[in-house]
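Asker: Mind having a look at this structure? Questions to follow.
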Amino acid sequence: MYMAGIWPFGKKPAEPRQVKQPEKRRIVEYERKKDEPSKAKVADRSHLEDASFKDAMALLGSDTKKK
């Protein structure tokens, strides 16, 4: 049985640990403005009359009562 030779490389000395200071998080605040015209956008259902929408619904099968 053969023994391994002496390791030719020395161990590096450990560097002292440096503590990183945690970065302060920037807090971003947003202000929501009251938008009255948005109610009109929600009430607008003209997209339901679009031909491409009707084609897509026909393709996907918009009738869920048949299941």
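Residue names in the structure tokens use chain letters A, B, ... in the order shown, residue numbers from 1 in each chain, and ligand numbers from 1 in the order shown.
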Can you check which residues of chain A DSSP gives as helix (DSSP H, G or I) on the backbone and send them as a compact mmCIF listing (two decimals) with C-alpha atoms, in the first residue's frame?
Answerer:
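Saved as out_31.txt:
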```txt
# COMPACT_ATOMS: atom_id res chain seq x y z
CA PRO A 37 -64.31 58.92 -17.06
CA SER A 38 -63.10 55.44 -16.09
CA LYS A 39 -66.68 54.51 -15.21
CA ALA A 40 -67.62 55.28 -18.78
CA LYS A 41 -64.82 53.02 -20.01
CA VAL A 42 -66.06 50.17 -17.84
CA ALA A 43 -69.63 50.66 -19.00
CA SER A 46 -68.76 48.06 -27.75
CA HIS A 47 -65.89 45.57 -27.91
CA LEU A 48 -68.47 42.80 -27.59
CA GLU A 49 -69.89 43.80 -30.96
CA ALA A 51 -66.38 40.99 -35.51
CA SER A 52 -63.02 39.58 -34.41
CA PHE A 53 -64.33 39.14 -30.86
CA LYS A 54 -67.38 37.29 -32.12
CA ASP A 55 -65.18 35.06 -34.30
CA ALA A 56 -62.93 34.25 -31.36
CA MET A 57 -65.86 33.43 -29.11
CA ALA A 58 -67.36 31.21 -31.79
CA LEU A 59 -64.04 29.42 -32.14
CA LEU A 60 -63.61 28.95 -28.39
```
Asker: Could you state the separation of CA of Asp44 (chain A) and CA of Tyr30 (chain A) in Å, given to one decimal place?
Answerer: 27.2 Å
